[in-house]
Structure formats: structure tokens, C-alpha cells
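So this block is work07.pdb, PDB, C-alpha atoms:
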ATOM      1  CA  MET A   1      46.548 -49.063  -7.776
ATOM      2  CA  SER A   2      47.751 -46.325 -10.063
ATOM      3  CA  PRO A   3      46.369 -42.846  -9.404
ATOM      4  CA  ALA A   4      43.623 -41.732 -11.725
ATOM      5  CA  ILE A   5      44.804 -39.652 -14.606
ATOM      6  CA  SER A   6      42.683 -36.753 -15.732
ATOM      7  CA  VAL A   7      42.372 -36.830 -19.506
ATOM      8  CA  PRO A   8      41.305 -33.568 -21.150
ATOM      9  CA  ALA A   9      38.036 -33.864 -22.990
ATOM     10  CA  ALA A  10      38.453 -34.151 -26.710
ATOM     11  CA  THR A  11      37.703 -30.997 -28.575
ATOM     12  CA  GLU A  12      36.128 -30.964 -31.954
ATOM     13  CA  PRO A  13      38.406 -29.617 -34.696
ATOM     14  CA  ALA A  14      37.432 -26.342 -36.209
ATOM     15  CA  PRO A  15      35.292 -26.832 -39.290
ATOM     16  CA  VAL A  16      37.255 -26.622 -42.521
ATOM     17  CA  GLN A  17      36.259 -23.577 -44.512
ATOM     18  CA  SER A  18      35.409 -23.857 -48.141
ATOM     19  CA  ARG A  19      37.292 -21.767 -50.680
ATOM     20  CA  ARG A  20      34.273 -19.496 -51.009
ATOM     21  CA  GLU A  21      34.134 -18.984 -47.234
ATOM     22  CA  ARG A  22      37.843 -18.200 -47.087
ATOM     23  CA  LEU A  23      37.510 -15.670 -49.893
ATOM     24  CA  ARG A  24      34.494 -14.131 -48.172
ATOM     25  CA  ASP A  25      36.385 -13.742 -44.883
ATOM     26  CA  GLU A  26      39.431 -12.352 -46.672
ATOM     27  CA  LEU A  27      37.307  -9.776 -48.471
ATOM     28  CA  ARG A  28      35.528  -8.842 -45.243
ATOM     29  CA  ARG A  29      38.864  -8.197 -43.541
ATOM     30  CA  GLU A  30      40.177  -6.245 -46.527
ATOM     31  CA  VAL A  31      37.047  -4.085 -46.493
ATOM     32  CA  LEU A  32      37.399  -3.353 -42.778
ATOM     33  CA  ASP A  33      41.103  -2.592 -43.196
ATOM     34  CA  ALA A  34      40.294  -0.212 -46.044
ATOM     35  CA  ALA A  35      37.544   1.458 -44.010
ATOM     36  CA  ARG A  36      39.990   1.857 -41.160
ATOM     37  CA  HIS A  37      42.534   3.392 -43.499
ATOM     38  CA  GLN A  38      39.935   5.817 -44.807
ATOM     39  CA  LEU A  39      38.957   6.683 -41.240
ATOM     40  CA  ALA A  40      42.468   7.188 -39.935
ATOM     41  CA  GLY A  41      43.695   9.059 -42.992
ATOM     42  CA  GLN A  42      42.954  12.608 -43.960
ATOM     43  CA  HIS A  43      39.605  11.575 -45.400
ATOM     44  CA  GLY A  44      37.921  11.220 -42.004
ATOM     45  CA  LEU A  45      34.681   9.535 -41.070
ATOM     46  CA  SER A  46      32.513  11.835 -43.157
ATOM     47  CA  LYS A  47      34.332  10.684 -46.318
ATOM     48  CA  LEU A  48      34.068   7.000 -45.455
ATOM     49  CA  THR A  49      31.829   5.804 -48.265
ATOM     50  CA  MET A  50      31.195   2.401 -49.780
ATOM     51  CA  ALA A  51      32.528   3.696 -53.090
ATOM     52  CA  ALA A  52      35.800   4.856 -51.498
ATOM     53  CA  VAL A  53      36.250   1.568 -49.662
ATOM     54  CA  ALA A  54      35.445  -0.466 -52.796
ATOM     55  CA  LYS A  55      37.974   1.526 -54.791
ATOM     56  CA  GLU A  56      40.712   0.905 -52.226
ATOM     57  CA  VAL A  57      39.940  -2.813 -52.055
ATOM     58  CA  GLY A  58      39.738  -3.076 -55.828
ATOM     59  CA  VAL A  59      36.158  -4.281 -56.216
ATOM     60  CA  THR A  60      32.943  -2.716 -57.412
ATOM     61  CA  PRO A  61      30.585  -1.136 -54.836
ATOM     62  CA  PRO A  62      27.848  -3.721 -55.548
ATOM     63  CA  ALA A  63      30.318  -6.445 -54.545
ATOM     64  CA  LEU A  64      30.484  -4.974 -51.040
ATOM     65  CA  TYR A  65      26.744  -5.239 -50.593
ATOM     66  CA  ARG A  66      26.993  -9.001 -50.914
ATOM     67  CA  HIS A  67      28.947  -9.010 -47.639
ATOM     68  CA  PHE A  68      27.753  -5.883 -45.812
ATOM     69  CA  GLU A  69      24.223  -4.550 -45.574
ATOM     70  CA  ASN A  70      25.259  -0.918 -45.893
ATOM     71  CA  ARG A  71      27.767   1.683 -44.758
ATOM     72  CA  GLN A  72      26.445   1.505 -41.200
ATOM     73  CA  ASP A  73      27.116  -2.237 -41.138
ATOM     74  CA  VAL A  74      30.728  -1.597 -42.163
ATOM     75  CA  ILE A  75      31.092   0.996 -39.396
ATOM     76  CA  ALA A  76      29.548  -1.293 -36.767
ATOM     77  CA  GLN A  77      31.849  -4.184 -37.670
ATOM     78  CA  LEU A  78      34.803  -1.807 -37.753
ATOM     79  CA  CYS A  79      33.992  -0.692 -34.195
ATOM     80  CA  VAL A  80      34.077  -4.292 -32.973
ATOM     81  CA  LEU A  81      37.364  -4.942 -34.785
ATOM     82  CA  ILE A  82      38.952  -1.861 -33.203
ATOM     83  CA  VAL A  83      37.838  -2.838 -29.704
ATOM     84  CA  GLU A  84      39.198  -6.356 -30.206
ATOM     85  CA  GLU A  85      42.603  -4.978 -31.173
ATOM     86  CA  VAL A  86      42.674  -2.512 -28.265
ATOM     87  CA  LEU A  87      41.898  -5.327 -25.848
ATOM     88  CA  GLU A  88      44.832  -7.289 -27.263
ATOM     89  CA  LEU A  89      47.058  -4.330 -26.380
ATOM     90  CA  LEU A  90      45.638  -4.172 -22.860
ATOM     91  CA  ARG A  91      46.099  -7.897 -22.305
ATOM     92  CA  ALA A  92      49.697  -7.647 -23.496
ATOM     93  CA  ALA A  93      50.318  -4.744 -21.099
ATOM     94  CA  VAL A  94      48.913  -6.749 -18.179
ATOM     95  CA  ALA A  95      50.977  -9.808 -19.135
ATOM     96  CA  ARG A  96      54.159  -7.782 -18.622
ATOM     97  CA  GLN A  97      53.301  -7.152 -14.945
ATOM     98  CA  GLU A  98      53.958  -9.375 -11.981
ATOM     99  CA  PRO A  99      51.252 -12.039 -11.733
ATOM    100  CA  GLY A 100      48.679 -11.121  -9.113
ATOM    101  CA  ASP A 101      49.642  -7.440  -8.960
ATOM    102  CA  ILE A 102      46.189  -6.017  -9.656
ATOM    103  CA  ALA A 103      47.265  -2.419  -9.106
ATOM    104  CA  ALA A 104      50.021  -2.743 -11.710
ATOM    105  CA  ALA A 105      47.569  -4.431 -14.079
ATOM    106  CA  LEU A 106      45.119  -1.540 -13.764
ATOM    107  CA  VAL A 107      47.818   1.073 -14.292
ATOM    108  CA  ALA A 108      49.252  -0.787 -17.272
ATOM    109  CA  SER A 109      45.802  -1.175 -18.837
ATOM    110  CA  THR A 110      44.835   2.463 -18.468
ATOM    111  CA  ARG A 111      48.226   3.680 -19.699
ATOM    112  CA  ALA A 112      48.093   1.385 -22.740
ATOM    113  CA  SER A 113      44.588   2.668 -23.426
ATOM    114  CA  LEU A 114      45.744   6.288 -23.206
ATOM    115  CA  ASP A 115      48.704   5.656 -25.508
ATOM    116  CA  TRP A 116      46.448   3.969 -28.048
ATOM    117  CA  ALA A 117      43.913   6.809 -27.923
ATOM    118  CA  VAL A 118      46.560   9.458 -28.556
ATOM    119  CA  ARG A 119      48.020   7.477 -31.465
ATOM    120  CA  ASN A 120      44.603   6.797 -32.995
ATOM    121  CA  PRO A 121      42.381   9.846 -32.454
ATOM    122  CA  ALA A 122      39.975   9.052 -35.314
ATOM    123  CA  GLU A 123      39.388   5.516 -34.077
ATOM    124  CA  PHE A 124      38.982   6.771 -30.502
ATOM    125  CA  ASP A 125      36.392   9.275 -31.693
ATOM    126  CA  LEU A 126      34.497   6.549 -33.530
ATOM    127  CA  VAL A 127      34.283   3.905 -30.806
ATOM    128  CA  ILE A 128      34.417   6.035 -27.640
ATOM    129  CA  GLY A 129      33.749   9.615 -28.695
ATOM    130  CA  SER A 130      30.896  11.129 -30.638
ATOM    131  CA  GLY A 131      31.423   9.255 -33.891
ATOM    132  CA  ILE A 132      29.424   6.138 -33.149
ATOM    133  CA  ARG A 133      26.275   8.048 -32.217
ATOM    134  CA  ALA A 134      26.657  10.422 -35.137
ATOM    135  CA  GLU A 135      26.910   7.566 -37.618
ATOM    136  CA  LEU A 136      24.484   5.009 -36.186
ATOM    137  CA  ALA A 137      20.967   6.142 -35.398
ATOM    138  CA  ASP A 138      20.509   3.326 -32.875
ATOM    139  CA  SER A 139      23.847   2.304 -31.417
ATOM    140  CA  HIS A 140      22.607   0.913 -28.088
ATOM    141  CA  ALA A 141      23.076  -2.744 -29.020
ATOM    142  CA  LEU A 142      26.545  -2.104 -30.428
ATOM    143  CA  GLN A 143      27.606  -0.030 -27.430
ATOM    144  CA  ARG A 144      26.393  -2.789 -25.127
ATOM    145  CA  ARG A 145      28.361  -5.376 -27.074
ATOM    146  CA  MET A 146      31.529  -3.306 -26.846
ATOM    147  CA  ALA A 147      30.927  -2.763 -23.116
ATOM    148  CA  GLU A 148      30.644  -6.544 -22.696
ATOM    149  CA  MET A 149      33.958  -6.989 -24.511
ATOM    150  CA  VAL A 150      35.762  -4.433 -22.367
ATOM    151  CA  GLY A 151      34.116  -5.843 -19.251
ATOM    152  CA  GLY A 152      35.671  -9.202 -20.053
ATOM    153  CA  HIS A 153      39.050  -7.564 -19.444
ATOM    154  CA  TYR A 154      38.318  -5.344 -16.438
ATOM    155  CA  VAL A 155      35.638  -7.216 -14.478
ATOM    156  CA  PRO A 156      38.004 -10.023 -13.354
ATOM    157  CA  LEU A 157      40.468  -7.415 -12.062
ATOM    158  CA  PHE A 158      37.784  -5.611 -10.085
ATOM    159  CA  ARG A 159      36.443  -8.912  -8.753
ATOM    160  CA  GLU A 160      39.892  -9.625  -7.340
ATOM    161  CA  LEU A 161      40.012  -6.169  -5.802
ATOM    162  CA  ALA A 162      36.630  -6.732  -4.185
ATOM    163  CA  ALA A 163      37.729 -10.121  -2.852
ATOM    164  CA  ALA A 164      40.778  -8.443  -1.286
ATOM    165  CA  GLY A 165      38.483  -6.190   0.752
ATOM    166  CA  ILE A 166      39.080  -2.801  -0.826
ATOM    167  CA  PRO A 167      36.941   0.132   0.381
ATOM    168  CA  ARG A 168      33.608   0.104  -1.463
ATOM    169  CA  PRO A 169      30.559   2.314  -1.078
ATOM    170  CA  ALA A 170      27.433   0.614   0.212
ATOM    171  CA  ASP A 171      24.665   0.012  -2.310
ATOM    172  CA  ASP A 172      22.276   2.191  -0.335
ATOM    173  CA  GLU A 173      24.587   5.199  -0.788
ATOM    174  CA  MET A 174      23.426   5.391  -4.412
ATOM    175  CA  GLY A 175      20.148   7.084  -5.185
ATOM    176  CA  PRO A 176      17.504   4.853  -6.801
ATOM    177  CA  GLU A 177      17.891   6.401 -10.256
ATOM    178  CA  LEU A 178      21.686   5.966 -10.279
ATOM    179  CA  ALA A 179      21.394   2.480  -8.812
ATOM    180  CA  GLU A 180      19.114   1.423 -11.658
ATOM    181  CA  GLN A 181      21.518   2.811 -14.253
ATOM    182  CA  VAL A 182      24.504   1.102 -12.612
ATOM    183  CA  ARG A 183      22.472  -2.122 -12.499
ATOM    184  CA  ARG A 184      21.937  -2.002 -16.263
ATOM    185  CA  TYR A 185      25.645  -1.346 -16.755
ATOM    186  CA  ARG A 186      26.531  -4.166 -14.351
ATOM    187  CA  ASP A 187      24.269  -6.654 -16.118
ATOM    188  CA  ALA A 188      25.953  -5.817 -19.433
ATOM    189  CA  VAL A 189      29.608  -5.890 -18.407
ATOM    190  CA  GLY A 190      29.696  -8.491 -15.653
ATOM    191  CA  GLY A 191      26.362 -10.177 -15.136
ATOM    192  CA  PRO A 192      23.938 -10.018 -12.197
ATOM    193  CA  ASP A 193      26.339 -11.811  -9.845
ATOM    194  CA  LEU A 194      28.759  -8.855  -9.963
ATOM    195  CA  PRO A 195      28.177  -6.823  -6.779
ATOM    196  CA  LEU A 196      26.486  -3.546  -7.590
ATOM    197  CA  ASP A 197      29.011  -1.515  -5.619
ATOM    198  CA  VAL A 198      31.863  -3.061  -7.630
ATOM    199  CA  ALA A 199      30.144  -2.033 -10.864
ATOM    200  CA  HIS A 200      29.715   1.438  -9.402
ATOM    201  CA  LEU A 201      33.427   1.557  -8.590
ATOM    202  CA  MET A 202      34.239   0.505 -12.153
ATOM    203  CA  VAL A 203      32.101   3.162 -13.808
ATOM    204  CA  THR A 204      33.176   5.984 -11.476
ATOM    205  CA  SER A 205      36.813   5.103 -12.157
ATOM    206  CA  TRP A 206      36.175   4.932 -15.898
ATOM    207  CA  ARG A 207      34.479   8.322 -16.060
ATOM    208  CA  GLN A 208      37.673   9.929 -14.743
ATOM    209  CA  VAL A 209      39.998   7.960 -17.009
ATOM    210  CA  TYR A 210      37.724   8.702 -19.970
ATOM    211  CA  GLY A 211      37.743  12.419 -19.189
ATOM    212  CA  LEU A 212      41.526  12.491 -19.215
ATOM    213  CA  GLN A 213      41.674  10.549 -22.470
ATOM    214  CA  CYS A 214      39.310  13.056 -24.071
ATOM    215  CA  MET A 215      41.574  15.877 -22.879
ATOM    216  CA  ALA A 216      44.539  14.169 -24.528
ATOM    217  CA  VAL A 217      42.831  13.205 -27.794
ATOM    218  CA  TYR A 218      40.970  16.464 -28.378
ATOM    219  CA  GLY A 219      43.735  18.729 -27.121
ATOM    220  CA  HIS A 220      41.793  20.294 -24.257
ATOM    221  CA  GLN A 221      44.008  22.496 -22.052
ATOM    222  CA  GLU A 222      46.885  21.672 -24.378
ATOM    223  CA  PHE A 223      48.566  24.981 -23.570
ATOM    224  CA  ALA A 224      49.389  23.531 -20.134
ATOM    225  CA  PHE A 225      49.169  19.737 -20.429
ATOM    226  CA  GLY A 226      51.226  18.651 -23.392
ATOM    227  CA  ASP A 227      51.483  14.869 -23.286
ATOM    228  CA  HIS A 228      49.039  14.216 -20.404
ATOM    229  CA  VAL A 229      51.235  11.394 -19.048
ATOM    230  CA  ALA A 230      51.975  13.112 -15.741
ATOM    231  CA  LEU A 231      48.303  13.977 -15.328
ATOM    232  CA  HIS A 232      47.389  10.376 -16.100
ATOM    233  CA  GLU A 233      49.834   9.028 -13.512
ATOM    234  CA  ASP A 234      48.451  11.421 -10.920
ATOM    235  CA  LEU A 235      44.873  10.412 -11.709
ATOM    236  CA  VAL A 236      45.502   6.667 -11.575
ATOM    237  CA  SER A 237      47.548   7.008  -8.397
ATOM    238  CA  SER A 238      44.691   8.830  -6.699
ATOM    239  CA  LEU A 239      42.229   6.146  -7.840
ATOM    240  CA  LEU A 240      44.452   3.420  -6.432
ATOM    241  CA  VAL A 241      44.682   5.229  -3.097
ATOM    242  CA  GLN A 242      40.879   5.428  -2.975
ATOM    243  CA  MET A 243      40.844   1.671  -3.471
ATOM    244  CA  GLY A 244      43.297   1.160  -0.617
ATOM    245  CA  LEU A 245      46.183   0.213  -2.914
ATOM    246  CA  GLU A 246      49.717   1.475  -3.289
ATOM    247  CA  PRO A 247      49.723   4.662  -5.395
ATOM    248  CA  HIS A 248      52.824   3.937  -7.502
ATOM    249  CA  PRO A 249      53.080   0.305  -8.590
ATOM    250  CA  THR A 250      55.920  -0.691 -10.859
ATOM    251  CA  VAL A 251      54.702  -0.929 -14.423
ATOM    252  CA  ARG A 252      56.724  -2.491 -17.238
TER     253      ARG A 252
END
Kindly return the structure encoded in the file as C-alpha cells.
Amino acid sequence: MSPAISVPAATEPAPVQSRRERLRDELRREVLDAARHQLAGQHGLSKLTMAAVAKEVGVTPPALYRHFENRQDVIAQLCVLIVEEVLELLRAAVARQEPGDIAAALVASTRASLDWAVRNPAEFDLVIGSGIRAELADSHALQRRMAEMVGGHYVPLFRELAAAGIPRPADDEMGPELAEQVRRYRDAVGGPDLPLDVAHLMVTSWRQVYGLQCMAVYGHQEFAFGDHVALHEDLVSSLLVQMGLEPHPTVR
């Protein structure tokens, strides 16, 4: 008897878009690209207006309101687009490492994130700095969505670390107020099955990486720390040691 052959389940083809839908999606992308150009250029976030975006795209302002509710809607969708593109960079950085080398993957991800932040200070300020809260009166839902997106990249890495038996603080070492906050973060980025102490490790690591990125982007202590690369390598090495990993993995 021949062995059973596993046949992949048939997948439904993607629905064919109508010409109107294609034009709508093309315009949406052009609008977001124009908004990004306005943001990254000398105009800055405060000058990012529907009129300026419409002028760059080559349509009238009323035409934009058929696709976006308002300026805040453009900014919110731009935030998601930026995070998607950053995650592509992080995934590419991880793909260059040896398969299974979690330490190298973490170093490559954080270094790619730092490099992107320094190259794109206005976008960093919008999605990670003060810009998003300044522009959107209620940004909680958007921030949660972006946290979910980033968690999709980092949670699997930290799950593997946890499975390898790295040192982790016990849940009862957190005070009740912090534990509740970490629980809300955990439920957003990884789901309730993610151990609470792993979520705590993620957020305590991030707060240090984020602090260094802010130093680099906003030029804090620039008189001493010019490119922040050496400081970044020192920080990530110390985090890896705390996790019981080798401090200097090879990163490509």
C-alpha cells in the first residue's frame, strides 16, 4: 500500500479588485506617501495638512475626504504603515542571522531599529515619541494595535528564550499595580498564554532600548555620545548577560 500523501488544503484565490477599488487603493497609498514626505521633510508634523497632502498628490482636498475621515485618520493610517515597514526591516535583519540564534536575532533587531530611528527622526517621533499623543486625542487603540504588530515579531523570540530556561523573575516579585499593568501589556502583545514574567522581561528590556534610541534621535548627551552605536552594543550585551546568553553574538 502506498504511503498516504498529505495534500495541502486548497486556498481561495484573492478576490479580483475592480478598477474603482484599485484606484482607491492607489490613491490611499499616494496620500500616505505624500503625508510621509511632508512629515519627513522640513515641513514637519505641524505643517501636515490635508491641503498640503492634496496638493502634493494632485487632487482637491475634498477628494481626500472620500477616502479619509480627517487629518487624524491620515496620521493614524500613516503610523500603521510606518510600523509595517520597520517590521520588514527587523525581519530582514533577523533573516541574515544563523537560524536558531536568538541572541543574534535580538541584537540584529534592536540595531536595525536604532539605525532606522536615527535615519528617520520625524517618523520615530510620530510613532514612538510624543507625536502620536500630541496629534491624536485618544491614541490608546492605535497604540495597542501597533504594540500587537511589534509583539508579533518579538514575542516568538522571547518565547524561545523562556523555553530555553533563561533567568526570569518570579511573578510575585512584581507589586500588584505593576503586575496589572504588565498583564494588560501582555494581553495586547502576546495573549494571556504568554507567561507574565516573560512579558515583564520584554517590557523592562524595551524601556532601556527605547531610552537609548531617544538619546540618539533627540541628541541627548551628544557632546559625548556621537553615534550611540558603542553605547547600544554595551546596552544589548548587558541585557543578554542578564538573560544568561552570550554577550557578543555575531551579527551580520
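With the shown file loaded, the PyMOL selection byres ((chain A and resi 122) around 9) picks out A:Leu39, A:Ala40, A:Gly41, A:Gly44, A:Leu45, A:Ala117, A:Asn120, A:Pro121, A:Glu123, A:Phe124, A:Asp125, A:Leu126, A:Val127, A:Gly131.
Here CA of Leu136 (chain A) and CA of Ile75 (chain A) stand 8.4 Å from one another.
Closest approach to Arg207 (chain A) among A:Leu239, A:Val31, A:Val86, A:Ile166 is made by A:Leu239 (distances from only C-alpha atoms).
Remark: for Ala216 (chain A), the closest of the candidate residues A:Asp115, A:Glu148, A:Glu69, A:Glu180 is A:Asp115 (distances computed over all atoms listed in the file).
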Exercise. Would you mind listing what lies within 10 Å of Tyr185 (chain A) as number ranges by chain, with all atoms listed in the file counted and same-chain residues fewer than 6 positions away left out?
Key: A: 144, 147-148, 151, 179, 191-192, 196, 199-200, 202-203
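Proximity to region 91-94 of chain A at 8 Å, evaluated using only C-alpha atoms and with sequence-adjacent residues fewer than 5 positions away removed, yields Ala104, Ala105, Leu106, Ala108, Ser109, Ala112, His153 and Arg252 of chain A.
The spacing separating CA of Leu89 (chain A) from CA of Ser113 (chain A) amounts to 8.0 Å.
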Self-check item: Expansion of the PyMOL selection byres ((chain A and resi 78) around 10) into residues, as a list in words
Solution: Arg29, Val31, Leu32, Asp33, Ala35, Arg36, Gln72, Asp73, Val74, Ile75, Ala76, Gln77, Cys79, Val80, Leu81, Ile82, Val83, Glu84, Glu123, Leu126 and Val127 of chain A
Counting only C-alpha atoms, which residues sit no farther than 10 Å from the position (45.1, -0.7, -3.5) in the file's frame? I'd like them as a short mmCIF file (atom, residue, chain, number, x, y, z; two decimals) with C-alpha atoms, in the frame of the given file.
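Contents of result.cif, as written:
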data_model
loop_
_atom_site.label_atom_id
_atom_site.label_comp_id
_atom_site.auth_asym_id
_atom_site.auth_seq_id
_atom_site.Cartn_x
_atom_site.Cartn_y
_atom_site.Cartn_z
CA ASP A 101 49.64 -7.44 -8.96
CA ILE A 102 46.19 -6.02 -9.66
CA ALA A 103 47.26 -2.42 -9.11
CA ALA A 104 50.02 -2.74 -11.71
CA LEU A 161 40.01 -6.17 -5.80
CA ALA A 164 40.78 -8.44 -1.29
CA GLY A 165 38.48 -6.19 0.75
CA ILE A 166 39.08 -2.80 -0.83
CA PRO A 167 36.94 0.13 0.38
CA SER A 237 47.55 7.01 -8.40
CA LEU A 239 42.23 6.15 -7.84
CA LEU A 240 44.45 3.42 -6.43
CA VAL A 241 44.68 5.23 -3.10
CA GLN A 242 40.88 5.43 -2.98
CA MET A 243 40.84 1.67 -3.47
CA GLY A 244 43.30 1.16 -0.62
CA LEU A 245 46.18 0.21 -2.91
CA GLU A 246 49.72 1.48 -3.29
CA PRO A 247 49.72 4.66 -5.40
CA HIS A 248 52.82 3.94 -7.50
CA PRO A 249 53.08 0.30 -8.59
#
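CA of Arg22 (chain A) to CA of Arg71 (chain A) spans 22.4 Å [interatomic distance, one decimal].
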Once you add 3 Å to each side, what are the centre and edge lengths of the axis-aligned box holding all listed atoms of region 188-199 of chain A? One decimal in Å, as lines of an AutoDock Vina configuration file, if you can.
center_x = 27.9
center_y = -6.7
center_z = -12.5
size_x = 13.9
size_y = 16.3
size_z = 19.8
Practice problem: Can you work out which one of A:Leu201, A:Ile128, A:Ala188, A:Met146 has the shortest atom-to-atom distance to Arg159 (chain A), counting all atoms listed in the file? | Solution: A:Leu201
Practice problem: Apply the PyMOL selection byres ((chain A and resi 52-63) around 7) to the structure shown and report the selected residues as a PyMOL selection string. | Solution: chain A and resi 30-31+34-35+48-51+64-66
Quiz item: Hey, which of A:Val150, A:Val107, A:Leu157, A:Ala224 ends up closest to Val189 (chain A)? Count all atoms listed in the file.
Solution: A:Val150
